[in-house]
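> Structure file protein.txt, compact mmCIF, C-alpha atoms, is pasted below:
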```
# COMPACT_ATOMS: atom_id res chain seq x y z
CA MET A 5 0.00 0.00 0.00
CA LEU A 6 2.77 2.45 0.90
CA LEU A 7 4.74 1.67 -2.24
CA PHE A 8 1.61 2.14 -4.36
CA ALA A 9 0.99 5.47 -2.63
CA GLY A 10 4.52 6.63 -3.50
CA LYS A 11 4.22 5.53 -7.13
CA ILE A 12 0.79 7.12 -7.63
CA LEU A 13 1.88 10.42 -6.06
CA THR A 14 5.01 10.44 -8.24
CA LEU A 15 3.03 9.80 -11.42
CA ARG A 16 0.56 12.57 -10.53
CA THR A 17 3.04 15.13 -9.16
CA GLU A 18 5.39 16.68 -11.68
CA LEU A 19 7.49 18.28 -8.92
CA LEU A 20 8.43 14.87 -7.47
CA ARG A 21 9.47 13.60 -10.91
CA ARG A 22 11.36 16.80 -11.69
CA TYR A 23 13.65 16.35 -8.70
CA SER A 24 13.74 12.53 -9.00
CA ILE A 25 12.47 11.89 -5.46
CA PRO A 26 12.46 8.08 -5.07
CA GLU A 27 8.94 6.60 -5.01
CA PRO A 28 9.51 4.37 -1.93
CA VAL A 29 10.70 7.38 0.07
CA ILE A 30 7.28 9.02 -0.17
CA GLY A 31 5.29 6.04 1.10
CA GLY A 32 7.90 5.18 3.75
CA PHE A 33 7.91 8.73 5.16
CA ILE A 34 4.11 8.80 5.27
CA CYS A 35 4.14 5.67 7.41
CA ALA A 36 6.99 6.89 9.66
CA ALA A 37 5.04 10.11 10.29
CA VAL A 38 1.85 8.20 11.14
CA VAL A 39 3.76 5.88 13.48
CA ALA A 40 5.37 8.89 15.21
CA PHE A 41 1.92 10.51 15.58
CA ALA A 42 0.57 7.33 17.17
CA TYR A 43 3.50 7.27 19.60
CA TYR A 44 3.36 10.92 20.68
CA VAL A 45 -0.39 11.61 20.55
CA LEU A 46 -2.04 8.24 21.14
CA GLY A 47 0.63 6.69 23.34
CA THR A 48 0.81 3.62 21.08
CA GLN A 49 4.02 2.14 19.71
CA ILE A 50 3.65 0.35 16.37
CA GLN A 51 6.15 -2.26 15.22
CA PHE A 52 6.35 -4.21 11.95
CA GLU A 53 7.50 -7.70 11.00
CA LEU A 54 10.17 -7.01 8.38
CA GLN A 55 12.20 -10.21 8.13
CA VAL A 56 11.77 -10.36 4.34
CA ARG A 57 13.46 -6.96 3.94
CA ASP A 58 17.04 -8.25 3.76
CA LEU A 59 16.08 -10.98 1.27
CA LEU A 60 14.62 -8.34 -1.05
CA MET A 61 17.93 -6.45 -0.90
CA LEU A 62 19.77 -9.60 -2.02
CA TYR A 63 17.41 -9.99 -4.96
CA PHE A 64 17.92 -6.54 -6.38
CA PHE A 65 21.71 -6.68 -6.07
CA ALA A 66 21.71 -10.09 -7.74
CA ALA A 67 19.67 -8.47 -10.54
CA ILE A 68 22.30 -5.75 -10.96
CA GLY A 69 24.92 -8.45 -11.38
CA LEU A 70 22.80 -10.37 -13.87
CA LYS A 71 22.56 -7.25 -16.03
CA ALA A 72 26.31 -6.48 -15.88
CA ASP A 73 28.27 -7.10 -19.05
CA LEU A 74 31.87 -7.80 -18.00
CA ARG A 75 33.19 -5.79 -20.94
CA THR A 76 31.42 -2.70 -19.61
CA LEU A 77 32.75 -3.45 -16.12
CA LEU A 78 36.35 -3.72 -17.34
CA LYS A 79 36.02 -0.40 -19.11
CA GLY A 80 35.21 1.12 -15.73
CA GLY A 81 38.49 0.05 -14.10
CA ARG A 82 40.02 3.50 -13.65
CA PRO A 83 36.73 5.20 -12.59
CA LEU A 84 36.30 2.44 -10.00
CA LEU A 85 39.64 3.32 -8.41
CA VAL A 86 38.89 7.05 -8.61
CA LEU A 87 35.49 6.64 -6.94
CA LEU A 88 36.99 4.48 -4.20
CA LEU A 89 39.68 7.10 -3.54
CA LEU A 90 37.07 9.88 -3.42
CA ALA A 91 34.90 7.90 -0.99
CA SER A 92 37.94 7.11 1.20
CA VAL A 93 38.96 10.77 1.43
CA PHE A 94 35.40 11.72 2.29
CA ILE A 95 35.34 9.20 5.17
CA VAL A 96 38.32 11.00 6.74
CA LEU A 97 36.67 14.43 6.27
CA GLN A 98 33.40 13.07 7.66
CA ASN A 99 35.06 11.87 10.86
CA LEU A 100 37.07 15.05 11.34
CA LEU A 101 33.84 17.06 11.08
CA GLY A 102 31.98 14.76 13.49
CA MET A 103 34.77 14.98 16.07
CA GLY A 104 34.93 18.75 15.67
CA VAL A 105 31.20 19.15 16.33
CA ALA A 106 31.42 16.84 19.37
CA THR A 107 34.28 18.92 20.77
CA ALA A 108 32.27 22.12 20.25
CA PHE A 109 29.38 20.60 22.24
CA GLY A 110 31.73 19.62 25.08
CA LEU A 111 31.50 15.90 24.36
CA GLU A 112 34.26 13.34 24.15
CA PRO A 113 35.68 14.04 20.64
CA ARG A 114 35.52 10.40 19.61
CA ALA A 115 31.76 10.44 20.26
CA GLY A 116 31.64 12.45 17.04
CA LEU A 117 32.66 9.33 15.12
CA MET A 118 29.13 8.07 15.77
CA ALA A 119 27.91 11.09 13.81
CA GLY A 120 30.59 10.40 11.21
CA SER A 121 31.48 7.44 9.04
CA ILE A 122 30.33 4.81 11.56
CA SER A 123 26.63 5.63 11.20
CA LEU A 124 26.61 7.46 7.86
CA THR A 125 28.98 5.61 5.53
CA GLY A 126 28.81 2.42 7.59
CA GLY A 127 25.07 2.34 8.29
CA VAL A 128 23.12 0.48 10.96
CA GLY A 129 25.26 -2.66 10.81
CA THR A 130 28.51 -0.77 11.44
CA THR A 131 26.82 1.25 14.19
CA LEU A 132 25.67 -1.89 16.01
CA ALA A 133 29.12 -3.42 15.64
CA TRP A 134 31.09 -0.45 17.04
CA ALA A 135 28.72 0.89 19.71
CA PRO A 136 29.58 -1.73 22.40
CA GLN A 137 33.29 -0.96 22.02
CA PHE A 138 32.62 2.77 22.45
CA VAL A 139 30.63 2.06 25.61
CA GLU A 140 33.04 -0.42 27.18
CA GLN A 141 36.45 0.90 26.10
CA LEU A 142 35.89 4.62 25.56
CA GLY A 143 33.21 5.21 28.22
CA ILE A 144 30.74 6.84 25.81
CA ALA A 145 27.53 5.56 27.39
CA ASN A 146 25.09 6.89 24.78
CA ALA A 147 27.10 5.73 21.75
CA MET A 148 24.28 3.53 20.48
CA GLU A 149 21.70 6.33 20.66
CA LEU A 150 24.07 8.75 18.91
CA GLY A 151 24.74 6.25 16.13
CA ILE A 152 21.12 5.22 15.55
CA ALA A 153 19.92 8.84 15.58
CA SER A 154 22.66 9.93 13.17
CA ASN A 155 21.90 7.04 10.84
CA THR A 156 18.19 7.89 10.87
CA LEU A 157 18.68 11.55 9.94
CA GLY A 158 21.45 10.65 7.49
CA LEU A 159 19.18 8.16 5.74
CA ILE A 160 16.44 10.80 5.40
CA ALA A 161 18.93 13.36 4.04
CA ALA A 162 20.44 10.86 1.59
CA CYS A 163 17.03 9.95 0.18
CA MET A 164 16.22 13.59 -0.55
CA LEU A 165 19.67 14.57 -1.85
CA GLY A 166 20.39 12.46 -4.94
CA GLY A 167 17.68 13.57 -7.38
CA PRO A 168 17.99 17.34 -6.87
CA ILE A 169 21.80 17.17 -7.16
CA ALA A 170 21.59 15.24 -10.44
CA ARG A 171 19.04 17.70 -11.82
CA TYR A 172 21.19 20.69 -10.80
CA LEU A 173 24.30 19.20 -12.45
CA MET A 174 22.44 18.41 -15.67
CA GLN A 175 21.05 21.94 -15.91
CA ARG A 176 24.21 23.70 -14.75
CA HIS A 177 26.47 21.86 -17.20
CA ARG A 178 23.86 21.28 -19.92
CA LEU A 179 24.35 17.53 -19.90
CA GLN A 180 22.56 15.40 -22.45
CA PRO A 181 20.36 12.67 -20.94
CA SER A 182 21.00 9.10 -22.00
CA ASP A 183 19.02 7.87 -25.00
CA ASN A 184 19.22 4.31 -23.62
CA THR A 185 15.87 3.38 -22.05
CA HIS A 186 16.92 -0.18 -21.06
CA LEU A 187 17.29 0.53 -17.36
CA ASP A 188 19.22 -1.58 -14.86
CA ILE A 189 16.32 -1.37 -12.40
CA GLY A 190 12.73 -0.37 -13.08
CA ARG A 191 11.48 1.31 -16.27
CA SER A 192 11.44 4.78 -17.71
CA TYR A 193 8.50 7.08 -17.00
CA GLU A 194 8.24 7.59 -20.77
CA GLU A 195 7.74 3.87 -21.44
CA GLU A 196 4.03 3.07 -21.46
CA GLN A 197 4.24 -0.70 -20.98
CA PRO A 198 7.24 -2.96 -20.37
CA LYS A 199 7.59 -5.60 -23.07
CA LEU A 200 7.32 -8.78 -21.04
CA ASP A 201 6.37 -12.35 -21.70
CA TYR A 202 6.05 -15.48 -19.59
CA TYR A 203 9.46 -16.91 -20.45
CA GLY A 204 11.21 -13.60 -19.90
CA VAL A 205 9.96 -13.38 -16.33
CA LEU A 206 10.63 -17.08 -15.76
CA TRP A 207 14.23 -16.80 -17.00
CA ALA A 208 14.76 -13.76 -14.79
CA TRP A 209 13.27 -15.42 -11.71
CA MET A 210 15.39 -18.54 -12.20
CA GLY A 211 18.53 -16.48 -12.71
CA LEU A 212 17.90 -14.51 -9.53
CA ASN A 213 17.40 -17.61 -7.39
CA VAL A 214 20.48 -19.29 -8.84
CA ALA A 215 22.45 -16.12 -8.12
CA LEU A 216 21.28 -16.14 -4.49
CA LEU A 217 22.29 -19.79 -4.13
CA LEU A 218 25.70 -19.17 -5.68
CA GLY A 219 26.09 -15.98 -3.63
CA GLN A 220 25.48 -17.97 -0.44
CA GLY A 221 28.25 -20.36 -1.45
CA ILE A 222 30.64 -17.51 -2.27
CA ALA A 223 29.92 -15.83 1.08
CA GLU A 224 30.54 -19.03 3.06
CA THR A 225 33.76 -19.70 1.14
CA LEU A 226 35.05 -16.20 1.85
CA GLU A 227 34.06 -16.45 5.52
CA SER A 228 35.95 -19.71 5.88
CA ALA A 229 39.00 -17.87 4.51
CA GLY A 230 38.54 -15.13 7.12
CA LEU A 231 37.09 -12.50 4.76
CA ASN A 232 33.68 -11.19 5.88
CA LEU A 233 31.82 -9.05 3.35
CA PRO A 234 28.18 -7.96 3.22
CA ARG A 235 26.01 -10.74 1.77
CA PHE A 236 24.68 -8.50 -1.01
CA VAL A 237 28.25 -8.24 -2.39
CA SER A 238 28.51 -12.01 -2.87
CA CYS A 239 25.11 -12.02 -4.61
CA LEU A 240 26.25 -9.18 -6.86
CA LEU A 241 29.38 -11.14 -7.78
CA ALA A 242 27.34 -14.29 -8.36
CA GLY A 243 25.06 -12.39 -10.74
CA ILE A 244 28.08 -11.06 -12.67
CA LEU A 245 29.51 -14.59 -12.98
CA ILE A 246 26.23 -16.06 -14.21
CA ARG A 247 25.63 -13.25 -16.69
CA ASN A 248 29.07 -13.54 -18.27
CA LEU A 249 29.75 -17.30 -18.11
CA LEU A 250 26.42 -19.01 -18.78
CA PRO A 251 25.88 -17.64 -22.31
CA HIS A 252 29.08 -19.43 -23.36
CA LEU A 253 27.91 -22.65 -21.70
CA LEU A 254 24.26 -22.70 -22.80
CA GLY A 255 24.69 -21.19 -26.26
CA ARG A 256 22.03 -19.82 -28.57
CA GLN A 257 18.98 -20.86 -26.54
CA LEU A 258 19.89 -18.50 -23.70
CA ALA A 259 20.83 -15.78 -26.17
CA ARG A 260 17.35 -15.94 -27.74
CA ASN A 261 15.64 -15.62 -24.35
CA TRP A 262 17.98 -13.08 -22.75
CA PRO A 263 16.37 -9.86 -24.07
CA GLY A 264 13.07 -10.90 -22.48
CA ALA A 265 14.91 -11.89 -19.29
CA GLN A 266 16.39 -8.39 -19.12
CA GLN A 267 12.87 -6.95 -19.03
CA GLY A 268 11.91 -9.48 -16.37
CA LEU A 269 14.94 -8.53 -14.27
CA ALA A 270 14.02 -4.84 -14.53
CA LEU A 271 10.49 -5.59 -13.32
CA ILE A 272 11.42 -7.91 -10.43
CA SER A 273 14.32 -5.78 -9.22
CA ASP A 274 12.15 -2.64 -9.29
CA ILE A 275 9.61 -4.34 -7.02
CA CYS A 276 12.28 -5.68 -4.65
CA LEU A 277 14.12 -2.36 -4.40
CA GLY A 278 10.91 -0.42 -3.82
CA MET A 279 9.69 -2.82 -1.15
CA PHE A 280 13.08 -2.87 0.59
CA LEU A 281 13.44 0.91 0.92
CA THR A 282 9.79 1.35 1.86
CA MET A 283 10.28 -1.16 4.69
CA ALA A 284 13.51 0.53 5.80
CA LEU A 285 11.83 3.94 6.07
CA MET A 286 8.49 2.84 7.49
CA SER A 287 10.31 1.25 10.43
CA LEU A 288 12.07 4.47 11.49
CA ARG A 289 11.46 5.35 15.15
CA LEU A 290 11.61 9.11 15.01
CA TRP A 291 11.08 9.51 18.76
CA GLU A 292 14.48 7.93 19.44
CA LEU A 293 16.08 11.15 18.17
CA GLN A 294 14.80 13.43 20.95
CA SER A 295 17.44 12.78 23.63
CA VAL A 296 20.34 13.83 21.37
CA PHE A 297 18.34 15.86 18.90
CA PHE A 298 20.18 19.20 18.91
CA PHE A 299 23.70 17.76 18.67
CA ILE A 300 22.65 15.32 15.96
CA LEU A 301 20.74 18.01 14.06
CA VAL A 302 23.80 20.27 13.95
CA ALA A 303 26.19 17.43 13.13
CA ILE A 304 24.09 15.95 10.33
CA GLY A 305 23.27 19.40 8.96
CA LEU A 306 26.98 20.14 8.61
CA GLN A 307 27.62 16.65 7.21
CA LEU A 308 24.96 17.31 4.59
CA LEU A 309 26.57 20.61 3.58
CA LEU A 310 29.99 18.92 3.42
CA CYS A 311 28.55 16.16 1.25
CA ILE A 312 26.90 18.58 -1.18
CA ALA A 313 30.06 20.67 -1.53
CA TYR A 314 32.23 17.58 -2.00
CA ILE A 315 29.92 16.14 -4.68
CA LEU A 316 29.65 19.37 -6.65
CA LEU A 317 33.28 20.47 -6.41
CA VAL A 318 35.14 17.16 -6.38
CA VAL A 319 33.15 14.03 -7.28
CA PHE A 320 31.46 15.35 -10.43
CA ARG A 321 34.69 16.75 -11.84
CA CYS A 322 36.78 13.68 -11.05
CA MET A 323 34.20 11.22 -12.44
CA GLY A 324 34.11 12.79 -15.89
CA ARG A 325 31.64 15.71 -15.86
CA ASP A 326 29.12 13.78 -18.01
CA TYR A 327 25.69 12.16 -17.52
CA GLU A 328 27.19 9.02 -15.95
CA ALA A 329 29.05 11.28 -13.50
CA ALA A 330 25.78 13.03 -12.58
CA VAL A 331 24.13 9.69 -11.83
CA ILE A 332 27.15 8.63 -9.74
CA CYS A 333 26.83 11.93 -7.84
CA ALA A 334 23.20 11.07 -7.09
CA GLY A 335 24.41 7.77 -5.67
CA PHE A 336 27.29 9.34 -3.73
CA GLY A 337 24.82 10.83 -1.26
CA GLY A 338 23.74 7.28 -0.50
CA ILE A 339 27.35 6.13 -0.12
CA SER A 340 28.23 8.94 2.28
CA LEU A 341 24.99 9.56 4.22
CA GLY A 342 22.71 6.55 3.89
CA SER A 343 23.44 3.07 2.59
CA THR A 344 24.13 1.12 -0.57
CA ALA A 345 20.39 0.64 -1.04
CA THR A 346 19.84 4.41 -0.77
CA ALA A 347 22.57 5.04 -3.34
CA VAL A 348 20.97 2.60 -5.78
CA VAL A 349 17.44 3.91 -5.30
CA ASN A 350 18.65 7.50 -5.83
CA MET A 351 20.32 6.49 -9.08
CA THR A 352 17.25 4.50 -10.12
CA ALA A 353 15.03 7.56 -9.71
CA VAL A 354 17.40 9.62 -11.88
CA ALA A 355 17.70 6.89 -14.54
CA GLN A 356 13.91 6.55 -14.74
CA GLN A 357 13.74 10.26 -15.49
CA TYR A 358 16.73 10.72 -17.82
CA GLY A 359 17.85 7.30 -19.12
CA ALA A 360 20.15 4.38 -18.31
CA ALA A 361 23.63 4.72 -16.78
CA HIS A 362 24.96 1.17 -16.76
CA ARG A 363 28.49 1.81 -15.47
CA ALA A 364 27.17 3.85 -12.54
CA PHE A 365 25.04 0.89 -11.41
CA ILE A 366 28.15 -1.32 -11.32
CA LEU A 367 30.69 1.14 -9.92
CA VAL A 368 28.65 2.48 -7.00
CA PRO A 369 27.52 -0.90 -5.53
CA LEU A 370 31.04 -2.31 -5.87
CA VAL A 371 32.58 0.68 -4.10
CA CYS A 372 29.82 0.73 -1.45
CA GLY A 373 29.99 -2.92 -0.50
CA PHE A 374 33.13 -4.44 -1.93
CA PHE A 375 35.76 -1.95 -0.77
CA ILE A 376 34.42 0.88 1.35
CA ASP A 377 33.59 -1.23 4.42
CA LEU A 378 37.24 -2.27 4.67
CA VAL A 379 38.49 1.30 4.26
CA ASN A 380 35.94 2.55 6.78
CA ALA A 381 37.00 -0.04 9.36
CA LEU A 382 40.66 0.98 9.02
CA VAL A 383 39.85 4.70 9.33
CA ILE A 384 37.58 4.16 12.37
CA HIS A 385 40.26 2.05 14.04
CA PHE A 386 42.79 4.85 13.49
CA PHE A 387 40.54 7.59 14.93
CA THR A 388 39.45 5.53 17.96
CA GLY A 389 43.11 5.03 18.83
CA LEU A 390 43.88 8.75 18.95
```
Could you show the structure in this file as structure tokens?


Amino acid sequence: MLLFAGKILTLRTELLRRYSIPEPVIGGFICAAVVAFAYYVLGTQIQFELQVRDLLMLYFFAAIGLKADLRTLLKGGRPLLVLLLLASVFIVLQNLLGMGVATAFGLEPRAGLMAGSISLTGGVGTTLAWAPQFVEQLGIANAMELGIASNTLGLIAACMLGGPIARYLMQRHRLQPSDNTHLDIGRSYEEEQPKLDYYGVLWAWMGLNVALLLGQGIAETLESAGLNLPRFVSCLLAGILIRNLLPHLLGRQLARNWPGAQQGLALISDICLGMFLTMALMSLRLWELQSVFFFILVAIGLQLLLCIAYILLVVFRCMGRDYEAAVICAGFGGISLGSTATAVVNMTAVAQQYGAAHRAFILVPLVCGFFIDLVNALVIHFFTGL
């Protein structure tokens, strides 16, 4: 119901489409506001059963992998390194800003890391992992509350940032939208009906489930070797392997069905992504912000300004100053303030409005999940030891 509400409002409201506000954000925020009203006014706390949420995330990242041509990925080698370097530098700036704000508020400086890359670049998982260490070893008793509150506001800011930034860059630099309407996720607003058939959806559904199975095996193999990565990364890699190896093994039959499977993947991944982000936002507990509200408001406000300045002055120029760079900039807000899912949904909203950007949909998820968690852990370890 919430996802339908977001889609209907987007279709009927030109302003939302103009600034590429993601459809799930609208429905999710409506629910979060209603839940907060019930808590404050009616004295009732509403909770949701959301176990399927993480499975949906695996599906849409597997779909990205299944749509990734390895030749396109190899062409993006240098931009991949550049984007990783840019994200790594921003992590350092993010933590310096967080520690500076904490010092200005008379807090332990390292408490500012919870309003830095731990909660923003790292997300909820990184927050939950580091908070006990901050409590036990650094004596920061409210570390968990600081991290969760920062992540909540950061997620909201990231969802609203990507589309307007992409629109500004396209107008400011007179960028030409892509004429490729074959999107990685979802479908263009200009396309009246997706061209689907039974076998296309069936091929897509089979490919996604095989990718999840193979991704599980990859994750367990890496864990046994002592390398722990987010599960969506292994599903993304599995999708890339299937997409680029199976055509050589199965031959012409798969080649004949693959165009229809691409449409099926776009449909299924659009549903999964929309449901995932809607669930993530509808479960926000806005009342948990009140105890640290002013500090977090100032810290996240400054982090948002830093992010905007960094994207406009550094990321766009270093990534090529073209349409693909504008889409990557829309996703960078998700990398730096929200989550990988937020980055992808921001880029999806822009692509639905202006056209496909295939390299962006490979580069950003790889940087978000495949490399940035390791860099973030090293930077956090350095700052906590100061």

> Could you check which of A:Phe299, A:Leu217, A:Tyr43, A:Asn155 is closest to A:Gly110, using all atoms listed in the file?

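Counting all atoms listed in the file, the residue closest to A:Gly110 is A:Phe299.
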
> Closest to A:Leu301 among A:Thr107, A:Gln51, A:Ser154, A:Gln98, using only C-alpha atoms?

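Smallest separation from A:Leu301 among the options: A:Ser154.
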
> Pick from A:Arg114, A:Arg363, A:Arg325, A:Arg289: nearest to A:Met174, with all atoms listed in the file counted?

A:Arg325

> In Å, rounded to a single decimal, give me how far atom CA of A:Glu53 is from atom CA of A:Cys35.

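Separation between atom CA of A:Cys35 and atom CA of A:Glu53: 14.2 Å.
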
> Can you measure atom CA of A:Arg57 to atom CA of A:Gln220 for me? One decimal in Å is fine.

16.9 Å

> My list of candidates is A:Ala208, A:Leu59, A:Leu310, A:Ala119. Which is closest to A:Phe297 when distances are computed with all atoms listed in the file?

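Residue with the minimum atom-to-atom distance to A:Phe297: A:Ala119.
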
> Contacts of stretch 7-11 of chain A at 10 Å or less, counting all atoms listed in the file, minus same-chain residues fewer than 5 places along, as a list in words?

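The filter keeps Arg16, Thr17, Leu20, Ile25, Pro26, Glu27, Pro28, Val29, Ile30, Gly31, Gly32, Phe33, Ile34, Ile275, Gly278, Met279, Phe280, Leu281, Thr282 and Met283 of chain A.
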
> For each of A:Asp326, A:Glu149, A:Glu112, A:Glu18, take the minimum atom-to-atom distance to A:Ile300, counting all atoms listed in the file, then give the residue where this is smallest.

A:Glu149

> Report as number ranges by chain all protein, DNA and RNA residues lying within 10 Å of A:Asn213, evaluated on only C-alpha atoms, omitting residues in the same chain fewer than 3 positions from it.

A: 62-63, 66-67, 208-210, 216-219, 239, 243

> Figure out the distance between atom CA of A:Leu97 and atom CA of A:Leu124, please, to one decimal in Å.

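Computing the Euclidean distance for atom CA of A:Leu124 and atom CA of A:Leu97 yields 12.3 Å.
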
> Measuring atom to atom with only C-alpha atoms, identify which of A:Met5, A:Ala40, A:Ala147, A:Val349 is nearest to A:Leu277.

A:Val349

> Is there a way to get, as a PDB file with C-alpha atoms, in the frame of the given file, all residues within 12 Å of the point (8.6, -9.1, -12.4) in file coordinates, counting all atoms listed in the file?


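What ended up in selection-v4.pdb:
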```pdb
ATOM      1  CA  TYR A  63      17.410  -9.990  -4.960  1.00  0.00           C
ATOM      2  CA  PHE A  64      17.920  -6.540  -6.380  1.00  0.00           C
ATOM      3  CA  ALA A  67      19.670  -8.470 -10.540  1.00  0.00           C
ATOM      4  CA  ILE A 189      16.320  -1.370 -12.400  1.00  0.00           C
ATOM      5  CA  GLY A 190      12.730  -0.370 -13.080  1.00  0.00           C
ATOM      6  CA  ARG A 191      11.480   1.310 -16.270  1.00  0.00           C
ATOM      7  CA  PRO A 198       7.240  -2.960 -20.370  1.00  0.00           C
ATOM      8  CA  LYS A 199       7.590  -5.600 -23.070  1.00  0.00           C
ATOM      9  CA  LEU A 200       7.320  -8.780 -21.040  1.00  0.00           C
ATOM     10  CA  ASP A 201       6.370 -12.350 -21.700  1.00  0.00           C
ATOM     11  CA  TYR A 202       6.050 -15.480 -19.590  1.00  0.00           C
ATOM     12  CA  TYR A 203       9.460 -16.910 -20.450  1.00  0.00           C
ATOM     13  CA  GLY A 204      11.210 -13.600 -19.900  1.00  0.00           C
ATOM     14  CA  VAL A 205       9.960 -13.380 -16.330  1.00  0.00           C
ATOM     15  CA  LEU A 206      10.630 -17.080 -15.760  1.00  0.00           C
ATOM     16  CA  TRP A 207      14.230 -16.800 -17.000  1.00  0.00           C
ATOM     17  CA  ALA A 208      14.760 -13.760 -14.790  1.00  0.00           C
ATOM     18  CA  TRP A 209      13.270 -15.420 -11.710  1.00  0.00           C
ATOM     19  CA  MET A 210      15.390 -18.540 -12.200  1.00  0.00           C
ATOM     20  CA  LEU A 212      17.900 -14.510  -9.530  1.00  0.00           C
ATOM     21  CA  GLY A 264      13.070 -10.900 -22.480  1.00  0.00           C
ATOM     22  CA  ALA A 265      14.910 -11.890 -19.290  1.00  0.00           C
ATOM     23  CA  GLN A 266      16.390  -8.390 -19.120  1.00  0.00           C
ATOM     24  CA  GLN A 267      12.870  -6.950 -19.030  1.00  0.00           C
ATOM     25  CA  GLY A 268      11.910  -9.480 -16.370  1.00  0.00           C
ATOM     26  CA  LEU A 269      14.940  -8.530 -14.270  1.00  0.00           C
ATOM     27  CA  ALA A 270      14.020  -4.840 -14.530  1.00  0.00           C
ATOM     28  CA  LEU A 271      10.490  -5.590 -13.320  1.00  0.00           C
ATOM     29  CA  ILE A 272      11.420  -7.910 -10.430  1.00  0.00           C
ATOM     30  CA  SER A 273      14.320  -5.780  -9.220  1.00  0.00           C
ATOM     31  CA  ASP A 274      12.150  -2.640  -9.290  1.00  0.00           C
ATOM     32  CA  ILE A 275       9.610  -4.340  -7.020  1.00  0.00           C
ATOM     33  CA  CYS A 276      12.280  -5.680  -4.650  1.00  0.00           C
ATOM     34  CA  LEU A 277      14.120  -2.360  -4.400  1.00  0.00           C
TER      35      LEU A 277
END
```
